[in-house]
Amino acid sequence: MDEKTIIVTGGAGFIGSNFVYYMLKKYPNYRIICLDALTYAGNLSTLKKAMENENFRFVKGDIRDRELVERLFEEEKPDIVVNFAAESHVDRSIENPQLFLETNIMGPEVLMDACKKYGIKRYHQVSTDEVYGDLPLDRPDLFFTEKTNLHASSPYSASKASADLVTLAYHRTYGLPVSISRCSNNYGPYHFPEKLIPLMIINALHDKPLPVYGDGLNVRDWLYVEDHCKAIDLIIHDENSVGEVYNVGGHNEMANIDIVKLILKELGKPETLITYVKDRKGHDRRYAIDPTKITTRLGWEPETKFENGIVKTIKWYLDHKDWWEEIISGDYQNYYQKMYGDK
Ligand code: NAD
Ligand code: TYD
């Protein structure tokens, strides 16, 4: 296997860090550089084990910082850039859209300019199924395909959809070798406690109310994070995937309330902890991915079934209390009070 240098932006966050570990393990002769601004969602403690690997380098910096990005490209001469860096939480985007547009649209633009300038072999944009908007609950026959129109609902998903358009424009206009993956909801280790699954696990462990938005019937299509990493690995190593968009999802649709009940059952906690709260503004009803393209073209299949993945994930949170206790003891308290305090 030839040697490659890959810049992974946002590698101190949830999916990016899982991808860093996945790549370091699978490709012992690759150099992996993580560029991350360490926002509230980035944690250096997450990368502690990676830091011990001599093929890994961490650089603190903002993907919007053109000078820093160019310096890094000059130093490292990367073959591939995988962009995970983003503001990722829908609820925060409703509170502060500006930061989402700045990070999620301008960040990729700066990265792609550098890719263009330094002749990088692949720029991969990590996108989301949320760019397609939502599907109705009463049409289980409908799924998002790569041909589904972009129809984003939240400032978060609108910013991600914009980045996808810019990415494809760089391919068409400048011939930049890009690819895009649009994945469904991920779960697994290092998932930031503000998101549904870790939030419910941690609240249940503290016997705190579990805040379910609206009627709890909104559906998400859950994928174990490692399966997402595998999909990106396949795409970036496939020369025929230049200019392509792939949907990634494992046909695992679940209503939020069923996930919450499952977590309570696993932890031996009572359902009386469930508290219905005011719905999220513009709340997408259902996401569901048709992964036929990545399955037929690249042979990707999800390996972890939800019933196993969720048990593994709960166990991970029980075994890594130090990781999340540190997070929830800081600024997170103010966030939680603001978002849930008056609901
Ligand atoms: P996350 O919020 O856990 O991590 C984001 C990381 O990006 C953090 O480490 C943060 O410090 C870093 N970051 C933010 N702004 C930055 C900037 N300006 N410069 C450099 N670094 C910056 O997010 P996540 O859940 O791991 O999502 C990663 C990517 O995957 C995002 O692009 C997201 O849109 C996409 N995605 C997420 C999911 C999901 O279920 N979480 C599903 C599909 C796609
Ligand atoms: P989230 O993890 O924020 O992911 P996304 O909005 O990107 O899909 O939320 C997943 C689902 O869970 C979504 O329908 C909103 C819902 N939800 C709650 O009901 N309560 C909560 O406290 C949170 C954070 C989410």
# chains A, B, ... in the order shown; residues from 1 in each chain; ligands from 1
>>> residues_near_ligand(ligand="ligand 1", cutoff="7 Å", atoms="only C-alpha atoms and all ligand atoms", output="PyMOL selection string")
chain A and resi 9-16+35-43+61-64+83-89+103+107+126-129+160+182-187+191-192
>>> write_last_selection(atoms="N, CA and C atoms", output="short mmCIF file (atom, residue, chain, number, x, y, z; two decimals), in the first residue's frame")
data_model
loop_
_atom_site.label_atom_id
_atom_site.label_comp_id
_atom_site.auth_asym_id
_atom_site.auth_seq_id
_atom_site.Cartn_x
_atom_site.Cartn_y
_atom_site.Cartn_z
N THR A 9 -9.96 17.43 8.85
CA THR A 9 -10.38 18.61 9.60
C THR A 9 -11.55 18.22 10.51
N GLY A 10 -11.62 18.86 11.68
CA GLY A 10 -12.68 18.52 12.63
C GLY A 10 -12.44 17.16 13.29
N GLY A 11 -11.19 16.73 13.31
CA GLY A 11 -10.85 15.41 13.84
C GLY A 11 -10.89 15.31 15.35
N ALA A 12 -11.16 16.41 16.04
CA ALA A 12 -11.31 16.34 17.50
C ALA A 12 -12.78 16.25 17.90
N GLY A 13 -13.66 16.18 16.88
CA GLY A 13 -15.09 16.04 17.15
C GLY A 13 -15.50 14.57 17.11
N PHE A 14 -16.78 14.35 17.07
CA PHE A 14 -17.33 12.98 17.17
C PHE A 14 -16.89 12.09 15.99
N ILE A 15 -17.37 12.39 14.80
CA ILE A 15 -17.11 11.46 13.69
C ILE A 15 -15.66 11.56 13.23
N GLY A 16 -15.13 12.80 13.22
CA GLY A 16 -13.74 13.01 12.79
C GLY A 16 -12.76 12.20 13.63
N LEU A 35 -6.62 18.88 11.67
CA LEU A 35 -6.73 20.34 11.84
C LEU A 35 -8.08 20.61 12.50
N ASP A 36 -8.04 21.21 13.68
CA ASP A 36 -9.29 21.43 14.41
C ASP A 36 -9.16 22.69 15.26
N ALA A 37 -10.22 23.49 15.26
CA ALA A 37 -10.21 24.76 15.99
C ALA A 37 -10.48 24.56 17.49
N LEU A 38 -10.84 23.33 17.87
CA LEU A 38 -11.22 23.04 19.26
C LEU A 38 -12.30 24.02 19.75
N THR A 39 -13.41 24.03 19.04
CA THR A 39 -14.58 24.76 19.52
C THR A 39 -15.13 23.98 20.71
N TYR A 40 -16.28 24.38 21.21
CA TYR A 40 -16.88 23.67 22.34
C TYR A 40 -17.01 22.16 22.04
N ALA A 41 -17.14 21.82 20.73
CA ALA A 41 -17.41 20.43 20.34
C ALA A 41 -16.14 19.61 20.14
N GLY A 42 -14.99 20.26 20.14
CA GLY A 42 -13.73 19.56 19.91
C GLY A 42 -13.02 19.31 21.23
N ASN A 43 -12.48 18.13 21.37
CA ASN A 43 -11.83 17.77 22.64
C ASN A 43 -10.50 17.11 22.39
N GLY A 61 -6.33 24.96 14.72
CA GLY A 61 -6.53 26.07 13.79
C GLY A 61 -7.91 26.02 13.16
N ASP A 62 -8.29 27.17 12.62
CA ASP A 62 -9.62 27.34 12.04
C ASP A 62 -9.56 27.09 10.54
N ILE A 63 -10.49 26.31 10.02
CA ILE A 63 -10.46 26.04 8.57
C ILE A 63 -10.74 27.31 7.76
N ARG A 64 -11.23 28.35 8.42
CA ARG A 64 -11.47 29.61 7.69
C ARG A 64 -10.21 30.47 7.62
N ASN A 83 -13.03 16.76 4.99
CA ASN A 83 -13.52 17.87 5.82
C ASN A 83 -14.73 17.49 6.68
N PHE A 84 -14.44 17.25 7.96
CA PHE A 84 -15.51 17.01 8.94
C PHE A 84 -15.84 18.30 9.70
N ALA A 85 -14.92 19.28 9.67
CA ALA A 85 -15.07 20.45 10.52
C ALA A 85 -16.36 21.19 10.19
N ALA A 86 -17.17 21.41 11.20
CA ALA A 86 -18.44 22.11 10.99
C ALA A 86 -19.06 22.42 12.34
N GLU A 87 -19.96 23.37 12.32
CA GLU A 87 -20.90 23.50 13.43
C GLU A 87 -21.98 22.48 13.11
N SER A 88 -22.30 21.61 14.06
CA SER A 88 -23.11 20.43 13.69
C SER A 88 -24.45 20.29 14.40
N HIS A 89 -24.76 21.19 15.33
CA HIS A 89 -25.98 20.95 16.11
C HIS A 89 -27.15 21.84 15.67
N THR A 103 -18.86 29.09 9.24
CA THR A 103 -17.99 27.91 9.35
C THR A 103 -18.28 26.90 8.25
N GLY A 107 -15.68 27.84 5.40
CA GLY A 107 -14.59 26.89 5.73
C GLY A 107 -14.25 26.01 4.53
N VAL A 126 -17.68 16.04 3.93
CA VAL A 126 -18.57 15.19 4.72
C VAL A 126 -19.89 15.96 4.91
N SER A 127 -20.90 15.48 4.22
CA SER A 127 -22.19 16.17 4.28
C SER A 127 -23.20 15.30 5.04
N THR A 128 -24.46 15.64 4.89
CA THR A 128 -25.49 15.00 5.72
C THR A 128 -26.76 14.77 4.92
N ASP A 129 -27.55 13.80 5.34
CA ASP A 129 -28.84 13.57 4.68
C ASP A 129 -29.81 14.73 4.93
N LYS A 160 -25.04 23.25 5.17
CA LYS A 160 -24.41 22.05 4.62
C LYS A 160 -24.78 21.88 3.14
N ARG A 182 -23.23 11.90 1.96
CA ARG A 182 -24.36 12.43 2.74
C ARG A 182 -24.87 11.31 3.63
N CYS A 183 -24.46 11.38 4.88
CA CYS A 183 -24.75 10.28 5.79
C CYS A 183 -25.94 10.61 6.70
N SER A 184 -26.58 9.57 7.16
CA SER A 184 -27.68 9.72 8.12
C SER A 184 -27.10 9.92 9.53
N ASN A 185 -27.96 9.96 10.54
CA ASN A 185 -27.52 10.21 11.92
C ASN A 185 -26.55 9.13 12.39
N ASN A 186 -25.42 9.56 12.92
CA ASN A 186 -24.44 8.63 13.48
C ASN A 186 -24.62 8.51 14.98
N TYR A 187 -24.16 7.38 15.52
CA TYR A 187 -24.08 7.23 16.98
C TYR A 187 -22.86 6.38 17.29
N HIS A 191 -19.54 10.82 21.02
CA HIS A 191 -20.65 11.65 20.53
C HIS A 191 -20.90 12.73 21.58
N PHE A 192 -20.92 13.98 21.15
CA PHE A 192 -21.02 15.10 22.11
C PHE A 192 -22.35 15.05 22.86
#
>>> select_by_dssp(residues="region 58-136 of chain A", states="strand (DSSP E)", output="MDAnalysis selection string")
chainID A and resid 58:60 80:83 122:128
>>> residues_near_ligand(ligand="ligand 2", cutoff="7 Å", atoms="only C-alpha atoms and all ligand atoms", output="PyMOL selection string")
chain A and resi 89-91+185+194-197+199+211-213+216+218-220+256+283-284
>>> write_last_selection(atoms="all heavy atoms", output="short mmCIF file (atom, residue, chain, number, x, y, z; two decimals), in the first residue's frame")
data_model
loop_
_atom_site.label_atom_id
_atom_site.label_comp_id
_atom_site.auth_asym_id
_atom_site.auth_seq_id
_atom_site.Cartn_x
_atom_site.Cartn_y
_atom_site.Cartn_z
N HIS A 89 -24.76 21.19 15.33
CA HIS A 89 -25.98 20.95 16.11
C HIS A 89 -27.15 21.84 15.67
O HIS A 89 -27.08 23.07 15.78
CB HIS A 89 -25.68 21.13 17.60
CG HIS A 89 -26.77 20.62 18.49
ND1 HIS A 89 -27.50 19.49 18.20
CD2 HIS A 89 -27.28 21.08 19.65
CE1 HIS A 89 -28.39 19.28 19.15
NE2 HIS A 89 -28.29 20.24 20.04
N VAL A 90 -28.22 21.20 15.20
CA VAL A 90 -29.38 21.92 14.65
C VAL A 90 -29.92 22.96 15.65
O VAL A 90 -30.20 24.10 15.28
CB VAL A 90 -30.49 20.91 14.26
CG1 VAL A 90 -31.76 21.63 13.86
CG2 VAL A 90 -30.01 19.98 13.15
N ASP A 91 -30.06 22.57 16.92
CA ASP A 91 -30.63 23.50 17.90
C ASP A 91 -29.78 24.76 18.04
O ASP A 91 -30.31 25.87 18.17
CB ASP A 91 -30.76 22.82 19.28
CG ASP A 91 -31.82 21.71 19.25
OD1 ASP A 91 -32.81 21.86 18.51
OD2 ASP A 91 -31.64 20.70 19.94
N ASN A 185 -27.96 9.96 10.54
CA ASN A 185 -27.52 10.21 11.92
C ASN A 185 -26.55 9.13 12.39
O ASN A 185 -26.85 7.94 12.29
CB ASN A 185 -28.71 10.21 12.87
CG ASN A 185 -29.53 11.48 12.75
OD1 ASN A 185 -30.10 11.75 11.69
ND2 ASN A 185 -29.60 12.25 13.82
N GLU A 194 -24.64 16.87 23.77
CA GLU A 194 -25.83 17.67 23.44
C GLU A 194 -26.77 16.93 22.47
O GLU A 194 -27.92 17.32 22.30
CB GLU A 194 -25.42 18.99 22.78
CG GLU A 194 -24.80 18.81 21.41
CD GLU A 194 -24.16 20.07 20.83
OE1 GLU A 194 -24.36 21.15 21.37
OE2 GLU A 194 -23.43 19.93 19.83
N LYS A 195 -26.27 15.86 21.83
CA LYS A 195 -27.07 15.16 20.82
C LYS A 195 -27.94 14.08 21.47
O LYS A 195 -27.65 13.62 22.57
CB LYS A 195 -26.13 14.52 19.78
CG LYS A 195 -25.19 15.50 19.09
CD LYS A 195 -25.88 16.31 18.03
CE LYS A 195 -25.05 17.46 17.49
NZ LYS A 195 -23.79 17.13 16.88
N LEU A 196 -29.01 13.69 20.76
CA LEU A 196 -30.05 12.85 21.36
C LEU A 196 -29.52 11.66 22.18
O LEU A 196 -29.82 11.56 23.38
CB LEU A 196 -31.00 12.31 20.27
CG LEU A 196 -32.10 11.40 20.83
CD1 LEU A 196 -33.21 12.19 21.49
CD2 LEU A 196 -32.68 10.50 19.74
N ILE A 197 -28.76 10.77 21.54
CA ILE A 197 -28.42 9.51 22.22
C ILE A 197 -27.55 9.73 23.46
O ILE A 197 -27.92 9.30 24.56
CB ILE A 197 -27.85 8.48 21.22
CG1 ILE A 197 -29.00 8.01 20.30
CG2 ILE A 197 -27.17 7.30 21.93
CD1 ILE A 197 -28.65 6.99 19.25
N LEU A 199 -27.15 12.44 25.19
CA LEU A 199 -27.87 13.27 26.16
C LEU A 199 -28.83 12.40 26.99
O LEU A 199 -28.90 12.52 28.22
CB LEU A 199 -28.64 14.37 25.43
CG LEU A 199 -29.34 15.41 26.32
CD1 LEU A 199 -29.19 16.81 25.72
CD2 LEU A 199 -30.82 15.13 26.48
N PRO A 211 -35.66 14.99 27.95
CA PRO A 211 -36.49 15.93 27.19
C PRO A 211 -36.75 15.48 25.76
O PRO A 211 -35.87 15.58 24.90
CB PRO A 211 -35.66 17.23 27.21
CG PRO A 211 -34.24 16.75 27.33
CD PRO A 211 -34.25 15.44 28.04
N VAL A 212 -37.95 14.97 25.50
CA VAL A 212 -38.31 14.51 24.15
C VAL A 212 -39.07 15.63 23.45
O VAL A 212 -40.07 16.13 23.97
CB VAL A 212 -39.17 13.23 24.23
CG1 VAL A 212 -39.67 12.83 22.86
CG2 VAL A 212 -38.35 12.10 24.86
N TYR A 213 -38.60 16.01 22.28
CA TYR A 213 -39.24 17.12 21.55
C TYR A 213 -40.56 16.68 20.93
O TYR A 213 -40.64 15.59 20.32
CB TYR A 213 -38.34 17.62 20.41
CG TYR A 213 -37.01 18.22 20.81
CD1 TYR A 213 -36.02 18.41 19.86
CD2 TYR A 213 -36.75 18.62 22.12
CE1 TYR A 213 -34.78 18.97 20.19
CE2 TYR A 213 -35.53 19.18 22.47
CZ TYR A 213 -34.55 19.34 21.50
OH TYR A 213 -33.34 19.89 21.83
N GLY A 216 -42.36 13.04 19.91
CA GLY A 216 -41.36 11.97 20.00
C GLY A 216 -41.40 11.00 18.82
O GLY A 216 -40.69 10.00 18.79
N ASN A 218 -40.70 11.70 15.62
CA ASN A 218 -39.77 12.02 14.52
C ASN A 218 -38.82 10.84 14.32
O ASN A 218 -38.35 10.25 15.29
CB ASN A 218 -38.98 13.28 14.83
CG ASN A 218 -39.89 14.46 15.02
OD1 ASN A 218 -40.71 14.46 15.95
ND2 ASN A 218 -39.81 15.44 14.16
N VAL A 219 -38.55 10.55 13.05
CA VAL A 219 -37.76 9.37 12.72
C VAL A 219 -36.39 9.77 12.18
O VAL A 219 -36.27 10.67 11.34
CB VAL A 219 -38.51 8.51 11.68
CG1 VAL A 219 -37.61 7.45 11.07
CG2 VAL A 219 -39.74 7.86 12.32
N ARG A 220 -35.36 9.09 12.68
CA ARG A 220 -34.00 9.26 12.16
C ARG A 220 -33.49 7.88 11.74
O ARG A 220 -33.93 6.87 12.27
CB ARG A 220 -33.06 9.86 13.23
CG ARG A 220 -33.47 11.27 13.70
CD ARG A 220 -33.31 12.27 12.58
NE ARG A 220 -33.61 13.65 12.94
CZ ARG A 220 -34.77 14.26 12.71
NH1 ARG A 220 -35.78 13.60 12.17
NH2 ARG A 220 -34.94 15.54 13.02
N ASN A 256 -37.76 8.69 17.71
CA ASN A 256 -36.98 9.14 18.87
C ASN A 256 -37.46 8.48 20.17
O ASN A 256 -36.65 8.04 20.99
CB ASN A 256 -37.09 10.66 19.03
CG ASN A 256 -36.45 11.38 17.87
OD1 ASN A 256 -35.58 10.84 17.18
ND2 ASN A 256 -36.88 12.62 17.63
N HIS A 283 -38.86 21.38 12.94
CA HIS A 283 -38.37 20.01 13.19
C HIS A 283 -38.65 19.05 12.02
O HIS A 283 -39.81 18.76 11.71
CB HIS A 283 -39.06 19.50 14.46
CG HIS A 283 -38.39 18.32 15.08
ND1 HIS A 283 -38.79 17.81 16.30
CD2 HIS A 283 -37.35 17.56 14.67
CE1 HIS A 283 -38.02 16.78 16.60
NE2 HIS A 283 -37.15 16.61 15.63
N ASP A 284 -37.60 18.52 11.42
CA ASP A 284 -37.76 17.55 10.32
C ASP A 284 -38.43 16.29 10.85
O ASP A 284 -38.06 15.76 11.89
CB ASP A 284 -36.38 17.19 9.73
CG ASP A 284 -35.87 18.24 8.76
OD1 ASP A 284 -36.71 19.00 8.21
OD2 ASP A 284 -34.65 18.31 8.54
#
>>> closest_residue(among="A:Trp323, A:Tyr287, A:Phe73, A:Trp300", to="Lys48 (chain A)", atoms="only C-alpha atoms")
A:Trp323
>>> closest_residue(among="A:Cys229, A:Ile236, A:Leu135, A:Leu68", to="Lys4 (chain A)", atoms="only C-alpha atoms")
A:Ile236
>>> closest_residue(among="A:Asp113, A:Ser157, A:Tyr224, A:Gly299", to="Asp65 (chain A)", atoms="only C-alpha atoms")
A:Asp113
>>> closest_residue(among="A:Leu72, A:Ala161, A:Ile257, A:Val311", to="Leu101 (chain A)", atoms="only C-alpha atoms")
A:Ala161
>>> residues_around(residues="Ser153 (chain A)", least_positions_apart="5", cutoff="7 Å", atoms="only C-alpha atoms", output="PyMOL selection string")
chain A and resi 133+158+282
>>> write_last_selection(atoms="N, CA, C and O atoms", output="PDB file, in the first residue's frame")
ATOM      1  N   GLY A 133     -33.899  17.852   3.353  1.00  0.00           N
ATOM      2  CA  GLY A 133     -35.128  18.193   4.061  1.00  0.00           C
ATOM      3  C   GLY A 133     -35.694  16.961   4.720  1.00  0.00           C
ATOM      4  O   GLY A 133     -34.927  16.097   5.162  1.00  0.00           O
ATOM      5  N   ALA A 158     -29.166  24.004   5.819  1.00  0.00           N
ATOM      6  CA  ALA A 158     -29.014  24.917   4.679  1.00  0.00           C
ATOM      7  C   ALA A 158     -27.538  25.236   4.453  1.00  0.00           C
ATOM      8  O   ALA A 158     -27.074  25.321   3.303  1.00  0.00           O
ATOM      9  N   GLY A 282     -39.270  24.089  13.168  1.00  0.00           N
ATOM     10  CA  GLY A 282     -38.998  23.535  11.826  1.00  0.00           C
ATOM     11  C   GLY A 282     -38.567  22.079  11.849  1.00  0.00           C
ATOM     12  O   GLY A 282     -37.964  21.594  10.890  1.00  0.00           O
TER      13      GLY A 282
END
>>> residues_around(residues="region 138-149 of chain A", least_positions_apart="6", cutoff="9 Å", atoms="only C-alpha atoms", output="PyMOL selection string")
chain A and resi 129+131-132+182+245-247+287-293
>>> residues_around(residues="Ser159 (chain A)", least_positions_apart="2", cutoff="10 Å", atoms="only C-alpha atoms", output="VMD selection string")
chain A and resid 86 to 87 93 97 to 106 131 152 154 to 157 161 to 165
>>> select_by_dssp(residues="region 208-249 of chain A", states="helix (DSSP H, G or I)", output="MDAnalysis selection string")
chainID A and resid 225:236 239:241
>>> write_last_selection(atoms="N, CA and C atoms", output="tab-separated table (two decimals), in the first residue's frame")
chain	number	residue	atom	x	y	z
A	225	VAL	N	-21.08	4.79	13.94
A	225	VAL	CA	-20.11	5.73	13.37
A	225	VAL	C	-19.02	5.03	12.56
A	226	GLU	N	-18.61	3.83	12.99
A	226	GLU	CA	-17.53	3.15	12.27
A	226	GLU	C	-17.96	2.80	10.83
A	227	ASP	N	-19.24	2.51	10.66
A	227	ASP	CA	-19.74	2.20	9.31
A	227	ASP	C	-19.66	3.43	8.41
A	228	HIS	N	-19.85	4.61	8.99
A	228	HIS	CA	-19.69	5.85	8.23
A	228	HIS	C	-18.21	6.02	7.84
A	229	CYS	N	-17.31	5.76	8.78
A	229	CYS	CA	-15.86	5.89	8.50
A	229	CYS	C	-15.47	4.97	7.35
A	230	LYS	N	-16.01	3.75	7.38
A	230	LYS	CA	-15.69	2.78	6.30
A	230	LYS	C	-16.16	3.31	4.95
A	231	ALA	N	-17.31	3.93	4.93
A	231	ALA	CA	-17.85	4.45	3.68
A	231	ALA	C	-16.93	5.54	3.13
A	232	ILE	N	-16.47	6.43	3.99
A	232	ILE	CA	-15.59	7.52	3.53
A	232	ILE	C	-14.27	6.95	3.04
A	233	ASP	N	-13.75	5.97	3.76
A	233	ASP	CA	-12.51	5.30	3.36
A	233	ASP	C	-12.64	4.74	1.93
A	234	LEU	N	-13.76	4.08	1.66
A	234	LEU	CA	-13.97	3.51	0.32
A	234	LEU	C	-14.05	4.61	-0.75
A	235	ILE	N	-14.77	5.67	-0.43
A	235	ILE	CA	-14.97	6.74	-1.43
A	235	ILE	C	-13.64	7.43	-1.77
A	236	ILE	N	-12.86	7.77	-0.73
A	236	ILE	CA	-11.64	8.54	-1.01
A	236	ILE	C	-10.57	7.70	-1.72
A	239	GLU	N	-10.88	5.95	-7.37
A	239	GLU	CA	-10.59	7.01	-8.36
A	239	GLU	C	-11.82	7.40	-9.17
A	240	ASN	N	-12.73	6.44	-9.35
A	240	ASN	CA	-13.93	6.73	-10.14
A	240	ASN	C	-14.98	7.54	-9.38
A	241	SER	N	-14.68	7.85	-8.12
A	241	SER	CA	-15.67	8.59	-7.32
A	241	SER	C	-15.47	10.10	-7.39
>>> residues_around(residues="Asn53 (chain A)", least_positions_apart="5", cutoff="12 Å", atoms="only C-alpha atoms", output="mmCIF file with N, CA, C and O atoms, in the first residue's frame")
data_model
loop_
_atom_site.group_PDB
_atom_site.id
_atom_site.type_symbol
_atom_site.label_atom_id
_atom_site.label_comp_id
_atom_site.auth_asym_id
_atom_site.auth_seq_id
_atom_site.Cartn_x
_atom_site.Cartn_y
_atom_site.Cartn_z
ATOM 1 N N VAL A 20 -10.175 9.342 12.492
ATOM 2 C CA VAL A 20 -8.727 9.375 12.753
ATOM 3 C C VAL A 20 -8.272 8.007 13.275
ATOM 4 O O VAL A 20 -7.308 7.405 12.766
ATOM 5 N N TYR A 21 -8.987 7.477 14.269
ATOM 6 C CA TYR A 21 -8.591 6.182 14.844
ATOM 7 C C TYR A 21 -8.732 5.049 13.819
ATOM 8 O O TYR A 21 -7.899 4.151 13.734
ATOM 9 N N MET A 23 -8.466 5.252 10.575
ATOM 10 C CA MET A 23 -7.431 5.334 9.542
ATOM 11 C C MET A 23 -6.051 4.966 10.096
ATOM 12 O O MET A 23 -5.267 4.285 9.425
ATOM 13 N N LEU A 24 -5.757 5.417 11.327
ATOM 14 C CA LEU A 24 -4.444 5.094 11.910
ATOM 15 C C LEU A 24 -4.298 3.578 12.055
ATOM 16 O O LEU A 24 -3.219 3.015 11.847
ATOM 17 N N LYS A 25 -5.400 2.920 12.390
ATOM 18 C CA LYS A 25 -5.361 1.467 12.581
ATOM 19 C C LYS A 25 -5.271 0.748 11.232
ATOM 20 O O LYS A 25 -4.474 -0.167 11.056
ATOM 21 N N PRO A 28 -1.267 1.779 8.660
ATOM 22 C CA PRO A 28 -0.147 2.148 9.538
ATOM 23 C C PRO A 28 0.929 2.977 8.832
ATOM 24 O O PRO A 28 1.774 3.585 9.499
ATOM 25 N N ASN A 29 0.904 3.007 7.494
ATOM 26 C CA ASN A 29 1.930 3.812 6.799
ATOM 27 C C ASN A 29 1.392 5.151 6.290
ATOM 28 O O ASN A 29 2.059 5.838 5.533
ATOM 29 N N TYR A 30 0.181 5.527 6.691
ATOM 30 C CA TYR A 30 -0.352 6.836 6.310
ATOM 31 C C TYR A 30 -0.003 7.858 7.390
ATOM 32 O O TYR A 30 0.069 7.526 8.561
ATOM 33 N N ARG A 31 0.149 9.108 6.940
ATOM 34 C CA ARG A 31 0.309 10.194 7.893
ATOM 35 C C ARG A 31 -1.051 10.898 8.006
ATOM 36 O O ARG A 31 -1.645 11.281 6.988
ATOM 37 N N ILE A 32 -1.537 11.031 9.224
ATOM 38 C CA ILE A 32 -2.849 11.649 9.437
ATOM 39 C C ILE A 32 -2.652 12.955 10.209
ATOM 40 O O ILE A 32 -2.102 12.956 11.323
ATOM 41 N N ILE A 33 -3.077 14.045 9.595
ATOM 42 C CA ILE A 33 -2.955 15.357 10.243
ATOM 43 C C ILE A 33 -4.356 15.828 10.599
ATOM 44 O O ILE A 33 -5.217 15.916 9.719
ATOM 45 N N LEU A 47 -8.400 12.740 21.482
ATOM 46 C CA LEU A 47 -7.302 12.316 20.598
ATOM 47 C C LEU A 47 -6.060 11.853 21.372
ATOM 48 O O LEU A 47 -4.998 11.681 20.775
ATOM 49 N N LYS A 48 -6.220 11.672 22.677
ATOM 50 C CA LYS A 48 -5.073 11.340 23.527
ATOM 51 C C LYS A 48 -4.286 10.138 22.992
ATOM 52 O O LYS A 48 -3.065 10.192 22.852
ATOM 53 N N PHE A 58 -1.417 16.778 15.414
ATOM 54 C CA PHE A 58 -2.574 17.635 15.674
ATOM 55 C C PHE A 58 -2.187 19.097 15.468
ATOM 56 O O PHE A 58 -1.146 19.544 15.953
#
>>> atom_distance(atom1="CA of Tyr332 (chain A)", atom2="CA of Pro193 (chain A)")
8.7 Å
>>> residues_around(residues="Tyr174 (chain A)", least_positions_apart="2", cutoff="12 Å", atoms="only C-alpha atoms", output="PyMOL selection string")
chain A and resi 112-113+115-117+119+166-172+176-178+243
>>> decode(residues="region 57-69 of chain A", atoms="N, CA and C atoms", output="compact mmCIF listing (two decimals), in the first residue's frame")
# COMPACT_ATOMS: atom_id res chain seq x y z
N ARG A 57 -0.44 13.92 13.63
CA ARG A 57 -0.09 15.27 14.08
C ARG A 57 -1.38 16.06 14.31
N PHE A 58 -1.42 16.78 15.41
CA PHE A 58 -2.57 17.63 15.67
C PHE A 58 -2.19 19.10 15.47
N VAL A 59 -3.00 19.82 14.74
CA VAL A 59 -2.76 21.25 14.55
C VAL A 59 -4.02 21.99 14.97
N LYS A 60 -3.88 22.92 15.91
CA LYS A 60 -5.04 23.71 16.32
C LYS A 60 -5.19 24.88 15.35
N GLY A 61 -6.33 24.96 14.72
CA GLY A 61 -6.53 26.07 13.79
C GLY A 61 -7.91 26.02 13.16
N ASP A 62 -8.29 27.17 12.62
CA ASP A 62 -9.62 27.34 12.04
C ASP A 62 -9.56 27.09 10.54
N ILE A 63 -10.49 26.31 10.02
CA ILE A 63 -10.46 26.04 8.57
C ILE A 63 -10.74 27.31 7.76
N ARG A 64 -11.23 28.35 8.42
CA ARG A 64 -11.47 29.61 7.69
C ARG A 64 -10.21 30.47 7.62
N ASP A 65 -9.16 30.06 8.32
CA ASP A 65 -7.92 30.84 8.38
C ASP A 65 -7.04 30.46 7.17
N ARG A 66 -7.17 31.26 6.12
CA ARG A 66 -6.53 30.96 4.83
C ARG A 66 -5.01 30.81 4.97
N GLU A 67 -4.42 31.72 5.73
CA GLU A 67 -2.96 31.71 5.86
C GLU A 67 -2.49 30.43 6.53
N LEU A 68 -3.16 30.10 7.61
CA LEU A 68 -2.79 28.89 8.35
C LEU A 68 -3.01 27.64 7.50
N VAL A 69 -4.13 27.60 6.79
CA VAL A 69 -4.44 26.43 5.96
C VAL A 69 -3.38 26.28 4.87
